[in-house]
file data_2.cif (mmCIF, C-alpha atoms)
data_target
loop_
_atom_site.label_atom_id
_atom_site.label_comp_id
_atom_site.auth_asym_id
_atom_site.auth_seq_id
_atom_site.Cartn_x
_atom_site.Cartn_y
_atom_site.Cartn_z
CA MET A 43 0.00 0.00 0.00
CA VAL A 44 2.86 2.36 0.77
CA ASP A 45 4.10 2.08 -2.81
CA GLN A 46 0.73 2.85 -4.26
CA ARG A 47 0.05 5.72 -1.91
CA ALA A 48 3.37 7.35 -2.75
CA ALA A 49 2.74 6.85 -6.44
CA THR A 50 -0.78 8.22 -6.35
CA ASP A 51 0.29 11.33 -4.46
CA ALA A 52 -1.17 14.05 -6.65
CA ASP A 53 1.88 16.23 -6.07
CA SER A 54 4.54 13.70 -6.90
CA GLY A 55 4.08 14.16 -10.64
CA ASP A 56 4.81 10.54 -11.51
CA LYS A 57 2.69 7.70 -12.80
CA VAL A 58 0.55 5.14 -11.01
CA PRO A 59 1.60 1.53 -11.59
CA ARG A 60 -1.30 -0.72 -12.62
CA THR A 61 0.49 -4.03 -12.14
CA GLU A 62 2.29 -5.69 -9.25
CA ARG A 63 5.42 -5.77 -11.38
CA GLY A 64 5.15 -2.04 -12.00
CA ARG A 65 4.74 -1.43 -8.27
CA ARG A 66 7.81 -3.54 -7.51
CA THR A 67 9.88 -1.63 -10.07
CA GLN A 68 8.78 1.73 -8.75
CA ARG A 69 9.52 0.57 -5.18
CA ALA A 70 13.00 -0.62 -6.24
CA ILE A 71 13.69 2.75 -7.87
CA LEU A 72 12.56 4.69 -4.77
CA ASP A 73 14.69 2.50 -2.47
CA ALA A 74 17.69 2.94 -4.77
CA ALA A 75 17.03 6.70 -4.88
CA ALA A 76 17.02 6.82 -1.06
CA ALA A 77 20.46 5.17 -1.03
CA GLU A 78 21.83 7.29 -3.89
CA PHE A 79 20.56 10.67 -2.59
CA GLY A 80 21.36 9.71 1.00
CA GLU A 81 24.98 8.81 0.21
CA ARG A 82 25.84 11.32 -2.49
CA GLY A 83 23.46 14.22 -1.93
CA PHE A 84 21.18 15.62 -4.62
CA HIS A 85 23.77 17.33 -6.79
CA ASP A 86 26.19 14.41 -7.03
CA ALA A 87 23.44 11.79 -7.35
CA SER A 88 22.60 10.59 -10.85
CA ILE A 89 19.78 8.72 -12.54
CA SER A 90 22.30 6.14 -13.76
CA GLY A 91 23.45 5.69 -10.16
CA ILE A 92 19.84 5.04 -9.17
CA THR A 93 19.12 2.58 -11.97
CA ARG A 94 22.39 0.74 -11.28
CA ARG A 95 21.50 0.36 -7.60
CA ALA A 96 17.93 -0.68 -8.50
CA GLY A 97 19.06 -3.11 -11.18
CA VAL A 98 16.63 -1.64 -13.70
CA ALA A 99 17.13 -0.27 -17.20
CA LEU A 100 17.16 3.47 -17.88
CA GLY A 101 13.93 3.06 -19.88
CA SER A 102 12.21 1.62 -16.81
CA PHE A 103 13.23 4.66 -14.80
CA TYR A 104 11.64 6.99 -17.35
CA THR A 105 8.49 4.88 -17.38
CA TRP A 106 7.91 6.06 -13.82
CA PHE A 107 9.82 9.31 -13.33
CA ASP A 108 10.49 12.21 -15.67
CA SER A 109 13.73 13.46 -14.12
CA LYS A 110 16.10 13.47 -11.16
CA ASP A 111 13.98 16.24 -9.64
CA ALA A 112 10.82 14.16 -10.07
CA VAL A 113 12.26 11.08 -8.35
CA PHE A 114 13.62 13.24 -5.52
CA ARG A 115 10.19 14.84 -5.05
CA ALA A 116 8.51 11.43 -5.07
CA LEU A 117 11.11 10.14 -2.59
CA VAL A 118 10.40 12.93 -0.06
CA ALA A 119 6.66 12.18 -0.28
CA ASP A 120 7.39 8.44 -0.01
CA MET A 121 9.58 8.88 3.10
CA SER A 122 6.99 11.14 4.68
CA ASN A 123 4.33 8.46 4.07
CA ARG A 124 6.57 5.62 5.26
CA VAL A 125 7.27 7.35 8.58
CA ARG A 126 3.54 7.94 9.01
CA ASP A 127 2.74 4.30 8.17
CA HIS A 128 5.51 2.99 10.43
CA VAL A 129 4.25 4.82 13.51
CA ALA A 130 0.48 4.73 12.83
CA PRO A 131 -0.33 1.21 14.18
CA ALA A 132 1.37 1.82 17.56
CA ILE A 133 -0.21 5.27 17.86
CA GLY A 134 -3.62 3.80 17.05
CA ALA A 135 -3.23 0.95 19.56
CA ALA A 136 -2.18 3.17 22.46
CA PRO A 137 -4.60 3.35 25.42
CA ASP A 138 -4.47 7.15 25.73
CA GLN A 139 -2.95 10.18 24.01
CA ILE A 140 0.20 10.41 26.14
CA ALA A 141 0.86 6.74 25.37
CA ALA A 142 0.14 7.51 21.71
CA GLU A 143 2.72 10.32 21.62
CA ARG A 144 5.20 8.04 23.39
CA ALA A 145 4.58 5.39 20.71
CA GLY A 146 4.98 7.99 17.97
CA LEU A 147 8.39 9.04 19.27
CA LEU A 148 9.53 5.45 19.87
CA GLY A 149 8.46 4.45 16.35
CA PHE A 150 10.21 7.47 14.86
CA LEU A 151 13.49 6.72 16.72
CA GLU A 152 13.36 3.16 15.38
CA PHE A 153 12.62 4.38 11.86
CA ALA A 154 15.46 6.95 11.97
CA ARG A 155 17.97 4.30 13.12
CA ALA A 156 16.89 1.94 10.35
CA HIS A 157 16.71 4.66 7.66
CA LYS A 158 19.42 7.14 8.57
CA GLU A 159 19.28 8.64 5.07
CA ILE A 160 15.89 10.21 5.87
CA TYR A 161 17.53 13.19 7.60
CA ARG A 162 19.83 14.09 4.76
CA ILE A 163 17.02 13.72 2.21
CA ILE A 164 14.35 15.70 4.07
CA ASP A 165 16.89 18.33 5.15
CA GLU A 166 18.28 18.70 1.63
CA SER A 167 14.75 19.12 0.27
CA GLU A 168 14.73 22.56 1.94
CA PHE A 169 17.20 23.61 -0.75
CA VAL A 170 16.44 21.25 -3.65
CA ASP A 171 12.65 21.27 -3.49
CA PRO A 172 11.29 23.73 -0.89
CA ASP A 173 7.66 22.79 -1.64
CA SER A 174 8.33 19.17 -0.67
CA PHE A 175 10.12 20.27 2.50
CA ARG A 176 7.21 22.49 3.50
CA ARG A 177 4.57 19.89 2.58
CA HIS A 178 6.33 17.21 4.65
CA TYR A 179 6.37 19.27 7.85
CA ALA A 180 3.00 20.98 7.33
CA THR A 181 1.32 17.62 6.70
CA THR A 182 3.02 15.96 9.67
CA ALA A 183 2.11 18.82 12.01
CA ASP A 184 -1.52 18.81 10.75
CA ARG A 185 -1.74 15.09 11.49
CA ILE A 186 -0.39 15.55 15.05
CA ALA A 187 -2.68 18.56 15.68
CA ALA A 188 -5.71 16.58 14.48
CA ARG A 189 -5.00 13.67 16.83
CA LEU A 190 -4.40 16.08 19.74
CA ARG A 191 -7.74 17.79 19.08
CA ARG A 192 -9.52 14.43 19.03
CA ALA A 193 -7.80 13.57 22.32
CA ALA A 194 -8.92 16.95 23.74
CA ASP A 195 -12.50 16.10 22.71
CA ARG A 196 -12.16 12.82 24.59
CA GLY A 197 -10.86 14.75 27.62
CA GLU A 198 -7.42 13.08 27.56
CA VAL A 199 -5.37 16.21 26.98
CA ILE A 200 -5.89 19.89 27.77
CA ALA A 201 -8.75 21.53 25.92
CA ASP A 202 -6.57 23.94 23.91
CA ALA A 203 -4.20 21.29 22.55
CA GLY A 204 -3.62 22.08 18.90
CA GLU A 205 -1.22 23.46 16.33
CA VAL A 206 1.40 24.95 18.67
CA HIS A 207 1.65 21.70 20.64
CA ALA A 208 1.81 19.75 17.39
CA TRP A 209 4.78 21.77 16.12
CA ALA A 210 6.45 21.39 19.52
CA ILE A 211 6.00 17.60 19.49
CA MET A 212 7.20 17.33 15.89
CA GLY A 213 10.28 19.44 16.68
CA MET A 214 11.09 17.36 19.76
CA ASN A 215 10.81 14.15 17.79
CA VAL A 216 12.93 15.40 14.88
CA PHE A 217 15.74 16.58 17.18
CA LEU A 218 15.61 13.52 19.45
CA GLY A 219 15.79 11.43 16.26
CA LEU A 220 18.83 13.40 15.12
CA ARG A 221 20.61 13.02 18.46
CA TYR A 222 19.63 9.45 19.40
CA GLY A 223 18.85 7.98 15.99
CA ILE A 224 21.50 9.47 13.68
CA TRP A 225 24.40 10.83 15.78
CA SER A 226 24.44 7.83 18.09
CA ALA A 227 22.32 4.76 18.61
CA GLU A 228 23.58 3.62 22.00
CA GLU A 229 20.81 4.98 24.19
CA ASP A 230 17.68 2.91 24.83
CA PRO A 231 14.86 4.35 22.69
CA ALA A 232 12.24 3.14 25.18
CA ALA A 233 13.93 5.10 28.00
CA ILE A 234 13.97 8.25 25.84
CA ALA A 235 10.30 7.77 24.97
CA ASP A 236 9.49 7.24 28.68
CA THR A 237 11.27 10.48 29.61
CA ILE A 238 9.31 12.48 27.03
CA ALA A 239 6.00 10.77 27.87
CA ALA A 240 6.51 11.74 31.52
CA MET A 241 7.16 15.34 30.46
CA LEU A 242 4.01 15.37 28.31
CA ALA A 243 2.01 13.82 31.16
CA ARG A 244 3.16 16.00 34.04
CA GLY A 245 5.48 18.69 32.72
CA LEU A 246 9.04 19.44 33.69
CA ALA A 247 8.37 21.49 36.82
CA ARG A 248 8.78 19.79 40.18
CA HIS A 249 5.43 19.69 41.95
CA ASP A 250 6.15 17.92 45.23
CA MET B 252 31.64 41.67 22.62
CA VAL B 253 29.80 39.40 20.23
CA ASP B 254 32.27 40.29 17.46
CA GLN B 255 35.22 39.43 19.59
CA ARG B 256 33.75 36.20 20.89
CA ALA B 257 32.99 35.00 17.37
CA ALA B 258 36.42 35.98 16.23
CA THR B 259 38.22 34.29 19.08
CA ASP B 260 36.34 31.03 18.57
CA ALA B 261 39.22 28.58 18.30
CA ASP B 262 37.40 26.69 15.56
CA SER B 263 36.55 29.60 13.32
CA GLY B 264 40.04 29.76 11.87
CA ASP B 265 40.03 33.52 11.46
CA LYS B 266 41.93 36.32 13.12
CA VAL B 267 41.22 38.36 16.23
CA PRO B 268 40.85 42.08 15.61
CA ARG B 269 42.99 44.19 17.97
CA THR B 270 41.37 47.52 17.19
CA GLU B 271 37.83 48.87 17.28
CA ARG B 272 38.12 49.58 13.58
CA GLY B 273 39.13 45.98 12.91
CA ARG B 274 36.18 44.75 14.95
CA ARG B 275 33.79 46.97 12.99
CA THR B 276 35.16 45.72 9.68
CA GLN B 277 34.87 42.10 10.74
CA ARG B 278 31.30 42.74 11.98
CA ALA B 279 30.40 44.39 8.67
CA ILE B 280 31.77 41.41 6.76
CA LEU B 281 29.84 38.91 8.92
CA ASP B 282 26.58 40.88 8.52
CA ALA B 283 27.13 41.09 4.77
CA ALA B 284 27.90 37.35 4.70
CA ALA B 285 24.61 36.63 6.51
CA ALA B 286 22.72 38.57 3.82
CA GLU B 287 24.71 37.05 0.94
CA PHE B 288 24.54 33.40 2.13
CA GLY B 289 20.94 33.87 3.32
CA GLU B 290 19.74 35.19 -0.05
CA ARG B 291 21.89 33.24 -2.48
CA GLY B 292 22.85 30.07 -0.62
CA PHE B 293 26.44 28.92 -0.15
CA HIS B 294 27.18 27.81 -3.69
CA ASP B 295 25.91 30.94 -5.45
CA ALA B 296 27.31 33.29 -2.81
CA SER B 297 30.64 34.95 -3.58
CA ILE B 298 33.34 36.80 -1.67
CA SER B 299 32.91 39.77 -4.04
CA GLY B 300 29.17 39.76 -3.23
CA ILE B 301 30.05 39.90 0.47
CA THR B 302 32.61 42.71 0.13
CA ARG B 303 30.21 44.71 -2.08
CA ARG B 304 27.44 44.42 0.53
CA ALA B 305 29.89 45.25 3.33
CA GLY B 306 31.43 48.17 1.44
CA VAL B 307 34.94 46.88 2.12
CA ALA B 308 37.84 46.14 -0.21
CA LEU B 309 38.75 42.59 -1.14
CA GLY B 310 42.04 43.00 0.75
CA SER B 311 40.11 43.79 3.93
CA PHE B 312 38.15 40.56 3.54
CA TYR B 313 41.36 38.53 3.32
CA THR B 314 42.76 40.33 6.36
CA TRP B 315 40.06 38.56 8.38
CA PHE B 316 39.01 35.44 6.47
CA ASP B 317 40.96 33.03 4.30
CA SER B 318 38.14 31.84 2.05
CA LYS B 319 34.40 31.59 1.42
CA ASP B 320 34.41 28.44 3.57
CA ALA B 321 36.15 30.27 6.40
CA VAL B 322 33.68 33.16 6.47
CA PHE B 323 30.74 30.71 6.31
CA ARG B 324 32.19 28.75 9.26
CA ALA B 325 32.74 31.96 11.23
CA LEU B 326 29.19 33.07 10.36
CA VAL B 327 27.60 29.88 11.76
CA ALA B 328 29.57 30.31 15.01
CA ASP B 329 28.65 34.01 15.08
CA MET B 330 24.90 33.30 14.61
CA SER B 331 25.03 30.60 17.26
CA ASN B 332 26.64 33.09 19.68
CA ARG B 333 24.24 35.90 18.76
CA VAL B 334 21.18 33.74 19.48
CA ARG B 335 22.72 32.78 22.82
CA ASP B 336 23.51 36.40 23.67
CA HIS B 337 20.07 37.58 22.56
CA VAL B 338 18.19 35.18 24.85
CA ALA B 339 20.64 35.05 27.79
CA PRO B 340 19.56 38.22 29.68
CA ALA B 341 15.85 37.26 29.73
CA ILE B 342 16.70 33.67 30.71
CA GLY B 343 18.95 34.93 33.50
CA ALA B 344 16.35 37.38 34.80
CA ALA B 345 13.50 34.83 34.93
CA PRO B 346 12.17 34.00 38.42
CA ASP B 347 12.16 30.22 37.87
CA GLN B 348 13.17 27.66 35.26
CA ILE B 349 9.78 27.37 33.51
CA ALA B 350 9.79 31.17 33.14
CA ALA B 351 13.38 30.90 31.90
CA GLU B 352 12.44 28.39 29.19
CA ARG B 353 9.48 30.58 28.25
CA ALA B 354 11.86 33.55 27.91
CA GLY B 355 14.27 31.45 25.85
CA LEU B 356 11.55 30.52 23.36
CA LEU B 357 10.15 34.05 23.21
CA GLY B 358 13.62 35.49 22.61
CA PHE B 359 14.30 32.91 19.92
CA LEU B 360 11.02 33.66 18.10
CA GLU B 361 11.91 37.36 18.12
CA PHE B 362 15.43 36.62 16.88
CA ALA B 363 14.16 34.35 14.08
CA ARG B 364 11.67 36.98 12.87
CA ALA B 365 14.40 39.65 12.85
CA HIS B 366 17.06 37.38 11.30
CA LYS B 367 15.15 35.04 9.01
CA GLU B 368 18.38 34.10 7.23
CA ILE B 369 19.50 32.12 10.29
CA TYR B 370 17.47 29.06 9.24
CA ARG B 371 18.87 28.85 5.74
CA ILE B 372 22.42 29.35 7.01
CA ILE B 373 22.32 26.87 9.90
CA ASP B 374 20.36 24.35 7.82
CA GLU B 375 22.75 24.65 4.88
CA SER B 376 25.72 24.13 7.21
CA GLU B 377 24.61 20.49 7.50
CA PHE B 378 25.81 20.09 3.90
CA VAL B 379 28.47 22.80 3.54
CA ASP B 380 30.22 22.41 6.89
CA PRO B 381 28.86 19.47 8.93
CA ASP B 382 31.23 20.18 11.85
CA SER B 383 29.72 23.64 12.30
CA PHE B 384 26.20 22.24 12.11
CA ARG B 385 26.96 19.65 14.75
CA ARG B 386 28.83 22.10 16.97
CA HIS B 387 25.94 24.58 16.88
CA TYR B 388 23.35 22.05 18.05
CA ALA B 389 25.62 20.14 20.46
CA THR B 390 26.69 23.39 22.13
CA THR B 391 23.14 24.72 22.34
CA ALA B 392 21.83 21.45 23.82
CA ASP B 393 24.70 21.33 26.33
CA ARG B 394 23.85 24.85 27.46
CA ILE B 395 20.15 23.97 27.93
CA ALA B 396 20.99 20.72 29.74
CA ALA B 397 23.36 22.56 32.10
CA ARG B 398 20.71 25.13 33.05
CA LEU B 399 18.11 22.37 33.55
CA ARG B 400 20.49 20.48 35.87
CA ARG B 401 21.13 23.63 37.89
CA ALA B 402 17.34 24.12 38.13
CA ALA B 403 16.97 20.50 39.25
CA ASP B 404 19.56 21.15 41.97
CA ARG B 405 17.48 24.13 43.07
CA GLY B 406 14.38 21.89 43.11
CA GLU B 407 12.57 23.84 40.37
CA VAL B 408 12.36 21.04 37.83
CA ILE B 409 12.25 17.25 38.09
CA ALA B 410 15.42 15.66 39.43
CA ASP B 411 16.29 13.79 36.23
CA ALA B 412 16.07 16.83 33.93
CA GLY B 413 19.00 16.67 31.55
CA GLU B 414 20.14 15.92 28.03
CA VAL B 415 16.96 14.32 26.66
CA HIS B 416 14.84 17.24 27.88
CA ALA B 417 17.40 19.68 26.49
CA TRP B 418 17.19 18.16 23.00
CA ALA B 419 13.40 18.15 23.26
CA ILE B 420 13.31 21.84 24.21
CA MET B 421 15.81 22.79 21.50
CA GLY B 422 13.79 20.87 18.89
CA MET B 423 10.53 22.50 19.99
CA ASN B 424 12.08 25.94 19.77
CA VAL B 425 13.66 25.35 16.35
CA PHE B 426 10.40 24.10 14.83
CA LEU B 427 8.23 26.74 16.52
CA GLY B 428 10.70 29.31 15.16
CA LEU B 429 10.36 27.83 11.68
CA ARG B 430 6.55 27.84 11.80
CA TYR B 431 5.91 31.10 13.65
CA GLY B 432 9.10 33.02 12.91
CA ILE B 433 9.92 32.16 9.29
CA TRP B 434 6.79 30.74 7.59
CA SER B 435 4.50 33.33 9.12
CA ALA B 436 4.82 36.11 11.67
CA GLU B 437 1.16 36.81 12.38
CA GLU B 438 0.76 34.89 15.61
CA ASP B 439 1.58 36.54 18.94
CA PRO B 440 4.97 35.19 20.14
CA ALA B 441 3.98 35.77 23.78
CA ALA B 442 0.91 33.55 23.36
CA ILE B 443 3.04 30.78 21.81
CA ALA B 444 5.57 31.07 24.63
CA ASP B 445 2.72 30.94 27.19
CA THR B 446 1.32 27.76 25.61
CA ILE B 447 4.70 26.02 25.76
CA ALA B 448 5.45 27.27 29.28
CA ALA B 449 2.14 25.78 30.45
CA MET B 450 3.07 22.48 28.80
CA LEU B 451 6.49 22.50 30.50
CA ALA B 452 4.87 23.41 33.83
CA ARG B 453 2.02 20.92 33.89
CA GLY B 454 2.23 18.69 30.82
CA LEU B 455 -0.29 18.12 28.10
CA ALA B 456 -2.47 15.56 29.87
CA ARG B 457 -5.72 16.75 31.38
CA HIS B 458 -5.62 16.26 35.14
CA ASP B 459 -8.96 17.57 36.36
#
call {"tool": "encode", "arguments": {"input": "data_2.cif", "output": "structure tokens"}}
result
Amino acid sequence: MVDQRAATDADSGDKVPRTERGRRTQRAILDAAAAEFGERGFHDASISGITRRAGVALGSFYTWFDSKDAVFRALVADMSNRVRDHVAPAIGAAPDQIAAERAGLLGFLEFARAHKEIYRIIDESEFVDPDSFRRHYATTADRIAARLRRAADRGEVIADAGEVHAWAIMGMNVFLGLRYGIWSAEEDPAAIADTIAAMLARGLARHD
Amino acid sequence: MVDQRAATDADSGDKVPRTERGRRTQRAILDAAAAEFGERGFHDASISGITRRAGVALGSFYTWFDSKDAVFRALVADMSNRVRDHVAPAIGAAPDQIAAERAGLLGFLEFARAHKEIYRIIDESEFVDPDSFRRHYATTADRIAARLRRAADRGEVIADAGEVHAWAIMGMNVFLGLRYGIWSAEEDPAAIADTIAAMLARGLARHD
């Protein structure tokens, strides 16, 4: 489903595969693009580098993507969707909203450790494709704000939980992912998630 | 003092001005570099663009900086120091640590609105000069963690306040600055700082 969703993204500008084989090829190209852009950066990356890594012919690449810019744009949307899909089940299964935010952070730390290239790619999109950069963070923040507002309606979080809290949570997660997912991976992700969940539950001030 | 501190940074690789005139020239070059790199990005920026904006001769530039890389590196350290110096008085004057973190965010939002180029420059340093990028965030997080530990010693925040909370606070501030400092400047910074201070004081969970 991830493949299809990325491919059907109205903004990605590429084509929708109609066959399983087409989906597999498009997936292979996006995975190869993640490795190529992640290792070499946008400017040094090449379509031939991507097709070589994917083991597909140049013609296959152009069946699905028009250009290096187009595959980069599709890759940012794909990574954005993959993070969302990776964390969604644990968020959905959590018993309350603090547990859900804990699960979101834990899932993101795991994803960042397994896909370290995500930082370089999303961060480089600020310069290579500013619309993709903005869409990624605006969409992610909207999703967090929406779930906080639903939790407020259920009485699980404060009544005014919304956009500002969503941007704060997204920023925390991105920087904790940089520090404990990319820079080092020695710390226990569950302990980090516990620390942040406690802060979201009770704050940082000492009350006793 | 900011000029001198930036210039004496052991890592910046440039020279320390001994006269007021030298300090003013170096300051003019750094301000011009902020405008040039902020508008054009590192690759399209040029030393002649910087000297033209600064109104100084090329020879003056080379008195203080060896290269485009050197002035970019010095600029990242300078911006890092200027943010610190901008927020430090309000943080120091705050009656308790939650008020201090509120003041830190408020000061940062003001700084980001007044110096929008800071995002492009710090963000681009990840690619142009990764050591500067890492030093900026590691130093900032260390500073926040140190003040949280002092507040924990005073009994104002939870006893285990430290590095994880510091990275969370830094990430919140960076993303709130992006959203409410760079993308739009319509929202009231004091209201945003109040919202986050309440979250740091009592958490996001509803307790009543």
call {"tool": "interface_residues", "arguments": {"input": "data_2.cif", "of": "chain A", "to": "chain B", "cutoff": "6 Å", "atoms": "all atoms listed in the file", "output": "PyMOL selection string"}}
result
chain A and resi 198-200+210+213-214+217+241-248
call {"tool": "atom_distance", "arguments": {"input": "data_2.cif", "atom1": "CA of Asp404 in chain B", "atom2": "CA of Gly343 in chain B"}}
result
16.2 Å
call {"tool": "atom_distance", "arguments": {"input": "data_2.cif", "atom1": "CA of Ala116 in chain A", "atom2": "CA of Ser174 in chain A"}}
result
8.9 Å
call {"tool": "atom_distance", "arguments": {"input": "data_2.cif", "atom1": "CA of Ala145 in chain A", "atom2": "CA of Ala132 in chain A"}}
result
5.7 Å
call {"tool": "residues_around", "arguments": {"input": "data_2.cif", "residues": "His157 in chain A", "least_positions_apart": "2", "cutoff": "10 Å", "atoms": "only C-alpha atoms", "output": "mmCIF file with C-alpha atoms, keeping the file's coordinate frame"}}
result
data_model
loop_
_atom_site.group_PDB
_atom_site.id
_atom_site.type_symbol
_atom_site.label_atom_id
_atom_site.label_comp_id
_atom_site.auth_asym_id
_atom_site.auth_seq_id
_atom_site.Cartn_x
_atom_site.Cartn_y
_atom_site.Cartn_z
ATOM 1 C CA ALA A 76 17.020 6.820 -1.060
ATOM 2 C CA ALA A 77 20.460 5.170 -1.030
ATOM 3 C CA GLY A 80 21.360 9.710 1.000
ATOM 4 C CA MET A 121 9.580 8.880 3.100
ATOM 5 C CA VAL A 125 7.270 7.350 8.580
ATOM 6 C CA LEU A 151 13.490 6.720 16.720
ATOM 7 C CA GLU A 152 13.360 3.160 15.380
ATOM 8 C CA PHE A 153 12.620 4.380 11.860
ATOM 9 C CA ALA A 154 15.460 6.950 11.970
ATOM 10 C CA ARG A 155 17.970 4.300 13.120
ATOM 11 C CA GLU A 159 19.280 8.640 5.070
ATOM 12 C CA ILE A 160 15.890 10.210 5.870
ATOM 13 C CA TYR A 161 17.530 13.190 7.600
ATOM 14 C CA GLY A 223 18.850 7.980 15.990
ATOM 15 C CA ILE A 224 21.500 9.470 13.680
#
